[in-house]
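Taking it in order: structure first as structure tokens, then the write-up.
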Amino acid sequence: MTTRAESVRRRADTDDILVRAACPHDCPDTCALHVHVRDGRAVRVSGDPDHPTTRGALCTKVARYLERTYHPDRLTTPLRRCGPKGSGRFEPIGWDDAIDEIATRLGEIHRRRPESILPYSFAGTMGWVQREGMASRLFHRLGATRLERGICSSAGTAGLQYSMGAAVGMDVESFVDSRLIIIWGSNSITSNLHFWSIAQEAKRRGARLVAIDPLRSDTAARCDDHVPVRPGTDAALALAMGQVLIAEGLLDRDYIERYTVGFDAFAARAAEYPPERAARITGIDAGRIAELARAFASSRPAAIRLNYGMQRVRGGANAVRAIACLPALTGAWREAAGGFLLSSSDHVPADNNRLVRPDLMPGWPDRLPRIINMSAIGDALLAADPPIEAIVVYNSNPVAVAPDSNRVIAGFAREDLFTVVLEHFRTDTADDADILLPATTQLEHFDLHKSYGHRYLVANNPAIAPVGQSLPNSEIFRRIARAIGFEDEALAASDESIATDALRWDAPAVGGASLEDIRREGWIKLDVPAASYAQGGFPSPSGRFEFASERLAAQGLDPVPDWLPPHESPEMAPELAARYPLALISPPHRNFLNSTFVNIASLSRTEGEPFCDLNPADAAARRIADGARVRVYNDRGAVELVARVGERVQPGVVAARGIWWQKMSAGGRNVNATTSQALTDMGGGATFYDCLVEVDAIG
Ligand code: SF4
């Protein structure tokens, strides 16, 4: 087991033990935490004041982490269903009985038709150990169906891979010296708080902040300018900016010639998007598009902080590619505070194969089990062939967070589906479990974290003993593997061994640090140059920024980024758009993180009731008053919300917020009753913001 000896130190001013930890949530900030422990109980969670991006501050959610950890509703013992499926009626059982029953059921399917087992997980915890380290090893060994985990960021990741070669970008700390920061598709105050602090500091030093977002979010309202682009049209905006840069000669020709490929093909594509055309597509005035392009070229350094909201549409990967072209055109990468950042994940020398061991799959590497995309879990549970007979859910709450909820709910309601859920609480998904297992929270287990928003590795040392009988995910999967009879060493590996496997420790970026060093110090910064691409050196096949991708051409795909109208748009589905004329987006509430924290009373009280923003023109046309109860619906389903009428959205746009639990929503459905299982252009991503609806007043 994990020793805490080297990871704790006594604070001089109190008797509290201070344990160095990491925030586990799906947030680019990956804060370094201090957990204050008194007599074996955590009494406070605070931000590490010495960590250069955390700087002692946490978001409201995690500052209240103890309300989660010691919540009276915490699951503290294994449970077995004793009522009808979905009734939420359970009886306590012992760990041995629970593990035996799971091992018996999974073992039987494994011997007969292993692809009928499906793991379902995402980023409920981001740590290498408790996320997939042991879980994926077990499911690979079982020969289970592989889950394509595209619900969040995979379109953007694909866009980066076909442009830069990997998910790499600026050092977030460098933004402090930027003169122009475009915050594109991100409500940073909600989803990237510590970047917002850096942007604020840049503003104090004279930077101009511009938000590009269909919603006048808290962040957009505090920027110098807000560009309210229509959902799903970001690529057209970026291509038009590119057209202006090229037409007006606002290029860094030397950078383009030495460090990029495919410029001529990009220039031809951009020529199809003069600002006047882009204005019709995006809803942004042509003059404003041109001004933004000129500002991006003339401000030195100029930087773009992109986030994932804008890639949750049909053309998500293309949109990321189009935006990524802008700093390559202007040579913004020459300075550390110029360029762009969507993800910094691939600056980390991770060793994913050693971590999750795909070689344990029967048939590796030639005949691999089928793949099911997690965003189409509703259809998969209802119609996959061969059928899914058992699903094991961990680090996720698909009944609430997956698109097209009515299909998902129907799928999980199958009496013949054996459902195992590892959870902290009785979520919507937990209610459908046959066996419900209590998992530890971040304060109770060990982990090691990379970040997709900064360049640090952060250790999570356990601060307290597990609450009740809860166990770490890794231990639960070890026990299941042992009970099935698997004797592979990889399935018995300790948490420390899994963490060791996660990283290439001899990589220069790690700087010779060891796991013990990181645990003791709490975090280390990766040794990656600040101005990483000042002289090219992109991790693409050509070593250059790729305006045009030969790899895409080889797949028969368009090698140059383009604007792809949303699946649900007048261009792609005119009949649908006539019936459902409003474009719905559903970005996160500030005090929730996906569906986590929704049951923390102090936080849900702050958010009030589930609502949506409507423009006054759309509200008037439907006789909807501010504060009225409305039904937001399409052919897939409906959700009841309170209308907030105002200028936060443009006409034609509705902005709900995610992600309330279904059972906490009026009518028993959250906004995902309306969202679609359709996927993005590349990367198999979800298209939550590619959704047409109508809105009616209720009553
Ligand atoms: S959710 Fe994000 S901002 Fe909040 S503590 Fe975690 S990493 Fe930091």
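In the structure tokens, chains take letters A, B, ... by order of appearance, with residues numbered from 1 within each chain and ligands from 1 in the order shown.
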
When the cut-off is 6 Å and you count only C-alpha atoms and all ligand atoms, which residues lie near ligand 1, shown as a count of residues only?
10

Distance query region 115-131 of chain A at most 9 Å, only C-alpha atoms, self and fewer than 6 positions along chain excluded, as an mmCIF file with N, CA and C atoms, in the first residue's frame:
```cif
data_model
loop_
_atom_site.group_PDB
_atom_site.id
_atom_site.type_symbol
_atom_site.label_atom_id
_atom_site.label_comp_id
_atom_site.auth_asym_id
_atom_site.auth_seq_id
_atom_site.Cartn_x
_atom_site.Cartn_y
_atom_site.Cartn_z
ATOM 1 N N ALA A 22 -3.803 16.241 -5.716
ATOM 2 C CA ALA A 22 -4.118 16.794 -7.038
ATOM 3 C C ALA A 22 -5.619 16.787 -7.238
ATOM 4 N N CYS A 23 -6.136 17.803 -7.891
ATOM 5 C CA CYS A 23 -7.562 17.775 -8.230
ATOM 6 C C CYS A 23 -7.775 16.720 -9.309
ATOM 7 N N PRO A 24 -8.775 15.853 -9.127
ATOM 8 C CA PRO A 24 -8.963 14.749 -10.076
ATOM 9 C C PRO A 24 -9.886 15.078 -11.243
ATOM 10 N N HIS A 25 -10.455 16.263 -11.286
ATOM 11 C CA HIS A 25 -11.585 16.482 -12.185
ATOM 12 C C HIS A 25 -11.162 16.835 -13.603
ATOM 13 N N ASP A 26 -12.159 16.702 -14.505
ATOM 14 C CA ASP A 26 -11.920 16.921 -15.924
ATOM 15 C C ASP A 26 -11.911 18.418 -16.203
ATOM 16 N N CYS A 27 -10.792 19.011 -15.915
ATOM 17 C CA CYS A 27 -10.609 20.458 -15.988
ATOM 18 C C CYS A 27 -9.161 20.675 -16.388
ATOM 19 N N THR A 30 -5.931 21.173 -13.509
ATOM 20 C CA THR A 30 -5.262 20.158 -12.682
ATOM 21 C C THR A 30 -4.532 20.803 -11.500
ATOM 22 N N LEU A 106 -19.057 -12.041 -15.317
ATOM 23 C CA LEU A 106 -18.131 -11.615 -16.378
ATOM 24 C C LEU A 106 -17.322 -12.800 -16.889
ATOM 25 N N ILE A 109 -19.371 -14.821 -19.397
ATOM 26 C CA ILE A 109 -19.489 -14.149 -20.710
ATOM 27 C C ILE A 109 -18.134 -14.158 -21.415
ATOM 28 N N PHE A 139 -10.160 -5.188 -18.751
ATOM 29 C CA PHE A 139 -11.096 -5.342 -19.875
ATOM 30 C C PHE A 139 -10.374 -5.818 -21.131
ATOM 31 N N LEU A 142 -10.062 -9.504 -20.634
ATOM 32 C CA LEU A 142 -11.349 -10.175 -20.833
ATOM 33 C C LEU A 142 -11.701 -10.305 -22.314
ATOM 34 N N GLY A 143 -11.106 -9.466 -23.161
ATOM 35 C CA GLY A 143 -11.513 -9.436 -24.572
ATOM 36 C C GLY A 143 -12.812 -8.681 -24.761
ATOM 37 N N ALA A 144 -13.089 -7.765 -23.836
ATOM 38 C CA ALA A 144 -14.332 -7.002 -23.889
ATOM 39 C C ALA A 144 -14.349 -6.077 -25.104
ATOM 40 N N THR A 145 -15.551 -5.660 -25.486
ATOM 41 C CA THR A 145 -15.676 -4.613 -26.505
ATOM 42 C C THR A 145 -14.867 -3.397 -26.070
ATOM 43 N N ARG A 146 -14.188 -2.789 -27.044
ATOM 44 C CA ARG A 146 -13.414 -1.583 -26.731
ATOM 45 C C ARG A 146 -14.319 -0.361 -26.828
ATOM 46 N N LEU A 147 -14.156 0.539 -25.884
ATOM 47 C CA LEU A 147 -14.972 1.755 -25.854
ATOM 48 C C LEU A 147 -14.199 2.891 -26.500
ATOM 49 N N ARG A 149 -13.618 6.481 -26.569
ATOM 50 C CA ARG A 149 -13.944 7.492 -25.558
ATOM 51 C C ARG A 149 -13.930 8.882 -26.191
ATOM 52 N N ILE A 151 -16.424 11.321 -25.986
ATOM 53 C CA ILE A 151 -17.533 12.172 -25.560
ATOM 54 C C ILE A 151 -17.128 13.627 -25.340
ATOM 55 N N CYS A 152 -15.829 13.882 -25.226
ATOM 56 C CA CYS A 152 -15.429 15.245 -24.860
ATOM 57 C C CYS A 152 -14.563 15.924 -25.914
ATOM 58 N N LEU A 355 0.821 1.415 -19.805
ATOM 59 C CA LEU A 355 -0.179 1.685 -18.775
ATOM 60 C C LEU A 355 -1.384 0.766 -18.923
ATOM 61 N N PRO A 369 -11.069 -6.907 -30.521
ATOM 62 C CA PRO A 369 -12.514 -6.819 -30.292
ATOM 63 C C PRO A 369 -13.102 -5.580 -30.951
ATOM 64 N N ARG A 370 -14.395 -5.616 -31.181
ATOM 65 C CA ARG A 370 -15.081 -4.490 -31.813
ATOM 66 C C ARG A 370 -14.955 -3.225 -30.945
ATOM 67 N N ILE A 372 -17.130 0.262 -29.731
ATOM 68 C CA ILE A 372 -18.407 0.993 -29.638
ATOM 69 C C ILE A 372 -18.102 2.395 -29.141
ATOM 70 N N MET A 374 -18.720 5.680 -27.210
ATOM 71 C CA MET A 374 -19.479 5.956 -25.978
ATOM 72 C C MET A 374 -20.613 6.963 -26.196
ATOM 73 N N ILE A 377 -24.002 5.224 -26.896
ATOM 74 C CA ILE A 377 -24.282 4.137 -25.957
ATOM 75 C C ILE A 377 -25.765 3.766 -25.951
ATOM 76 N N ASP A 385 -24.995 -5.767 -32.049
ATOM 77 C CA ASP A 385 -24.997 -7.172 -32.434
ATOM 78 C C ASP A 385 -23.543 -7.651 -32.535
ATOM 79 N N PRO A 386 -23.078 -8.561 -31.704
ATOM 80 C CA PRO A 386 -23.830 -9.219 -30.640
ATOM 81 C C PRO A 386 -24.236 -8.240 -29.533
ATOM 82 N N PRO A 387 -25.306 -8.570 -28.828
ATOM 83 C CA PRO A 387 -25.797 -7.638 -27.819
ATOM 84 C C PRO A 387 -24.833 -7.467 -26.656
ATOM 85 N N ILE A 388 -24.938 -6.307 -26.011
ATOM 86 C CA ILE A 388 -24.171 -6.096 -24.778
ATOM 87 C C ILE A 388 -24.932 -6.797 -23.654
ATOM 88 N N GLU A 389 -24.256 -7.734 -23.002
ATOM 89 C CA GLU A 389 -24.905 -8.482 -21.917
ATOM 90 C C GLU A 389 -24.508 -7.941 -20.547
ATOM 91 N N ALA A 390 -23.318 -7.334 -20.472
ATOM 92 C CA ALA A 390 -22.853 -6.790 -19.194
ATOM 93 C C ALA A 390 -22.149 -5.470 -19.442
ATOM 94 N N ILE A 391 -22.427 -4.493 -18.613
ATOM 95 C CA ILE A 391 -21.752 -3.198 -18.714
ATOM 96 C C ILE A 391 -21.181 -2.853 -17.338
ATOM 97 N N VAL A 392 -19.933 -2.390 -17.317
ATOM 98 C CA VAL A 392 -19.296 -1.985 -16.070
ATOM 99 C C VAL A 392 -18.988 -0.492 -16.192
ATOM 100 N N VAL A 393 -19.632 0.298 -15.359
ATOM 101 C CA VAL A 393 -19.522 1.760 -15.443
ATOM 102 C C VAL A 393 -18.641 2.253 -14.300
ATOM 103 N N TYR A 394 -17.634 3.037 -14.629
ATOM 104 C CA TYR A 394 -16.791 3.656 -13.607
ATOM 105 C C TYR A 394 -16.374 5.024 -14.119
ATOM 106 N N ASN A 395 -16.183 5.976 -13.207
ATOM 107 C CA ASN A 395 -15.755 7.332 -13.574
ATOM 108 C C ASN A 395 -16.706 7.992 -14.572
ATOM 109 N N SER A 396 -17.954 7.637 -14.546
ATOM 110 C CA SER A 396 -18.893 8.239 -15.483
ATOM 111 C C SER A 396 -20.330 8.007 -15.021
ATOM 112 N N ASN A 397 -21.222 8.806 -15.567
ATOM 113 C CA ASN A 397 -22.642 8.743 -15.220
ATOM 114 C C ASN A 397 -23.442 8.857 -16.514
ATOM 115 N N PRO A 398 -23.352 7.819 -17.372
ATOM 116 C CA PRO A 398 -23.882 7.959 -18.735
ATOM 117 C C PRO A 398 -25.366 8.265 -18.815
ATOM 118 N N THR A 441 -12.923 8.508 -2.900
ATOM 119 C CA THR A 441 -12.701 9.806 -3.542
ATOM 120 C C THR A 441 -11.194 10.083 -3.590
ATOM 121 N N GLN A 442 -10.875 11.206 -4.183
ATOM 122 C CA GLN A 442 -9.460 11.546 -4.393
ATOM 123 C C GLN A 442 -8.682 11.652 -3.082
ATOM 124 N N HIS A 445 -7.171 7.846 -1.982
ATOM 125 C CA HIS A 445 -6.332 6.932 -2.768
ATOM 126 C C HIS A 445 -5.147 7.678 -3.389
ATOM 127 N N PHE A 446 -4.242 6.900 -3.912
ATOM 128 C CA PHE A 446 -3.046 7.449 -4.569
ATOM 129 C C PHE A 446 -3.296 7.599 -6.061
ATOM 130 N N ASP A 447 -2.686 8.630 -6.644
ATOM 131 C CA ASP A 447 -2.705 8.732 -8.107
ATOM 132 C C ASP A 447 -1.605 9.678 -8.583
ATOM 133 N N LEU A 448 -1.437 9.674 -9.873
ATOM 134 C CA LEU A 448 -0.476 10.566 -10.520
ATOM 135 C C LEU A 448 -1.185 11.191 -11.726
ATOM 136 N N HIS A 449 -1.047 12.511 -11.861
ATOM 137 C CA HIS A 449 -1.825 13.229 -12.877
ATOM 138 C C HIS A 449 -0.929 13.988 -13.842
ATOM 139 N N LYS A 450 -1.305 13.902 -15.109
ATOM 140 C CA LYS A 450 -0.830 14.895 -16.071
ATOM 141 C C LYS A 450 -1.960 15.906 -16.230
ATOM 142 N N SER A 451 -1.704 16.943 -17.015
ATOM 143 C CA SER A 451 -2.716 17.959 -17.245
ATOM 144 C C SER A 451 -2.858 18.179 -18.738
ATOM 145 N N ALA A 459 1.171 14.918 -8.174
ATOM 146 C CA ALA A 459 0.928 13.677 -7.424
ATOM 147 C C ALA A 459 -0.275 13.839 -6.515
ATOM 148 N N ASN A 460 -0.983 12.755 -6.331
ATOM 149 C CA ASN A 460 -2.073 12.743 -5.357
ATOM 150 C C ASN A 460 -1.770 11.684 -4.297
ATOM 151 N N PRO A 472 -10.454 1.878 -3.731
ATOM 152 C CA PRO A 472 -10.035 2.507 -4.985
ATOM 153 C C PRO A 472 -10.467 1.652 -6.183
ATOM 154 N N ASN A 473 -10.758 2.317 -7.299
ATOM 155 C CA ASN A 473 -11.079 1.577 -8.530
ATOM 156 C C ASN A 473 -10.040 0.507 -8.811
ATOM 157 N N SER A 474 -8.770 0.883 -8.683
ATOM 158 C CA SER A 474 -7.690 -0.049 -9.020
ATOM 159 C C SER A 474 -7.810 -1.326 -8.191
ATOM 160 N N ASP A 495 -0.589 0.130 -7.143
ATOM 161 C CA ASP A 495 -0.873 1.458 -7.684
ATOM 162 C C ASP A 495 0.417 2.179 -8.075
ATOM 163 N N GLU A 496 1.444 2.038 -7.254
ATOM 164 C CA GLU A 496 2.712 2.702 -7.556
ATOM 165 C C GLU A 496 3.317 2.139 -8.842
ATOM 166 N N ILE A 498 1.626 0.871 -11.335
ATOM 167 C CA ILE A 498 0.835 1.395 -12.455
ATOM 168 C C ILE A 498 1.290 2.814 -12.787
ATOM 169 N N ALA A 499 1.478 3.634 -11.756
ATOM 170 C CA ALA A 499 1.922 5.017 -11.988
ATOM 171 C C ALA A 499 3.292 5.034 -12.653
ATOM 172 N N ALA A 502 3.099 4.488 -16.298
ATOM 173 C CA ALA A 502 2.381 5.494 -17.090
ATOM 174 C C ALA A 502 3.303 6.444 -17.840
ATOM 175 N N ASN A 594 -19.508 18.611 -15.319
ATOM 176 C CA ASN A 594 -20.374 17.607 -15.927
ATOM 177 C C ASN A 594 -21.466 17.279 -14.916
ATOM 178 N N THR A 596 -20.917 15.875 -11.946
ATOM 179 C CA THR A 596 -20.360 15.829 -10.600
ATOM 180 C C THR A 596 -20.710 17.134 -9.869
#
```

Can you list, as a PyMOL selection string, all residues belonging to region 323-535 of chain A that DSSP tags as helix (DSSP H, G or I)?
chain A and resi 323-330+332-334+345-347+352-356+358-360+374-383+398-401+405-412+430-432+442-444+473-484+489-491+495-501+508-510+515-521

How far is it from CA of Arg407 (chain A) to CA of Glu694 (chain A), in Å with one decimal?
19.9 Å

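Contact shell of Leu503 (chain A) at 12 Å (only C-alpha atoms; same-chain neighbours under 5 positions omitted): Trp128, Val129, Gly133, Asp346, His347, Val348, Pro349, Ala350, Asp351, Asn352, Asn353, Arg354, Leu355, Val356, Leu448, His449, Lys450, Leu457, Glu496, Ser497, Ile498, Pro508, Ala509, Val510, Gly512, Ala513, Ser514, Leu515 and Leu526 of chain A.
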
Mind dumping a table of every region 656-681 of chain A residue within 10 Å of region 426-436 of chain A, with the nearest atom pair and its distance in Å to one decimal, using only C-alpha atoms, sorted by chain and rising number, as a Markdown table?
```
| residue | atom | partner | partner_atom | distance |
| --- | --- | --- | --- | --- |
| A:Trp661 | CA | A:Asp428 | CA | 6.4 |
| A:Gln662 | CA | A:Asp428 | CA | 6.5 |
| A:Lys663 | CA | A:Asp428 | CA | 6.7 |
| A:Met664 | CA | A:Asp428 | CA | 9.3 |
```

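Distance-wise, CA of Leu614 (chain A) and CA of Val227 (chain A) end up 17.4 Å apart.
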
Please list as a PyMOL selection string every residue within 10 Å of Asp626 (chain A), counting only C-alpha atoms and excluding residues in the same chain fewer than 2 positions away.
chain A and resi 613-614+616+619-620+623-624+628-629+642-646

In region 369-490 of chain A, DSSP strand (DSSP E or B) residues written as an NGL selection string
:A and (371-373 or 390-394 or 418-423 or 435-439 or 447-449 or 456-460 or 471)

Rank nothing, just name the residue among A:Val560, A:Leu679, A:Leu329, A:Leu584 nearest to Tyr255 (chain A), using only C-alpha atoms.
A:Leu329

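Of the listed residues A:Ser186, A:His589, A:Leu437, A:Pro114, the one whose atoms come nearest to Pro92 (chain A) is A:Leu437, with distances taken using only C-alpha atoms.
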
Counting only C-alpha atoms, give me one row per residue of region 355-420 of chain A with an atom at most 12 Å from an atom of region 70-81 of chain A, showing the shortest contact pair and its distance in Å to one decimal, sorted by chain then residue number, as a tab-separated table.
```
residue	atom	partner	partner_atom	distance
A:Glu415	CA	A:Arg81	CA	11.7
A:Phe418	CA	A:Arg81	CA	10.8
A:Thr419	CA	A:Arg81	CA	10.0
A:Val420	CA	A:Arg80	CA	9.6
```

Contact residues around Leu491 (chain A) with only C-alpha atoms at 10 Å, ignoring same-chain residues under 3 positions, as an NGL selection string
:A and (133-138 or 141 or 357 or 360 or 474-475 or 477-482 or 486-488 or 494 or 498)

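Remark: for Ala534 (chain A), the closest of the candidate residues A:Ala328, A:Leu215, A:Ala625, A:Val313 is A:Ala328 (distances computed over only C-alpha atoms).
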
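For the atom pair formed by CA of Ala236 (chain A) and CA of Leu251 (chain A), the distance is 19.2 Å, given to one decimal.
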
Smallest atom-to-atom distance to Ala531 (chain A): which of A:Ala601, A:Ala155, A:Val210, A:Ala336, using only C-alpha atoms?
A:Ala336

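The nearest approach to Arg216 (chain A) among the residues A:Arg648, A:Arg277, A:Arg204, A:Arg579, with only C-alpha atoms taken into account, belongs to A:Arg648.
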
So that I can check the surroundings of Val671 (chain A), please list as a VMD selection string every protein, DNA and RNA residue that reaches within 6 Å of it, counting only C-alpha atoms and ignoring chain neighbours fewer than 2 positions away.
chain A and resid 639 673 to 674

Dump of all heavy atoms for the selected residues, as an mmCIF file, in the first residue's frame:
```cif
data_model
loop_
_atom_site.group_PDB
_atom_site.id
_atom_site.type_symbol
_atom_site.label_atom_id
_atom_site.label_comp_id
_atom_site.auth_asym_id
_atom_site.auth_seq_id
_atom_site.Cartn_x
_atom_site.Cartn_y
_atom_site.Cartn_z
ATOM 1 N N VAL A 639 -37.116 18.633 -22.534
ATOM 2 C CA VAL A 639 -36.664 18.964 -21.183
ATOM 3 C C VAL A 639 -37.417 20.216 -20.735
ATOM 4 O O VAL A 639 -37.676 21.109 -21.544
ATOM 5 C CB VAL A 639 -35.129 19.172 -21.143
ATOM 6 C CG1 VAL A 639 -34.682 20.216 -22.158
ATOM 7 C CG2 VAL A 639 -34.656 19.561 -19.750
ATOM 8 N N ALA A 673 -31.861 14.919 -23.147
ATOM 9 C CA ALA A 673 -33.014 14.305 -23.823
ATOM 10 C C ALA A 673 -33.109 14.798 -25.264
ATOM 11 O O ALA A 673 -33.694 14.133 -26.120
ATOM 12 C CB ALA A 673 -34.296 14.614 -23.068
ATOM 13 N N THR A 674 -32.535 15.958 -25.537
ATOM 14 C CA THR A 674 -32.654 16.530 -26.890
ATOM 15 C C THR A 674 -31.387 16.330 -27.733
ATOM 16 O O THR A 674 -31.442 16.467 -28.954
ATOM 17 C CB THR A 674 -32.919 18.049 -26.813
ATOM 18 O OG1 THR A 674 -31.814 18.682 -26.165
ATOM 19 C CG2 THR A 674 -34.201 18.341 -26.049
#
```
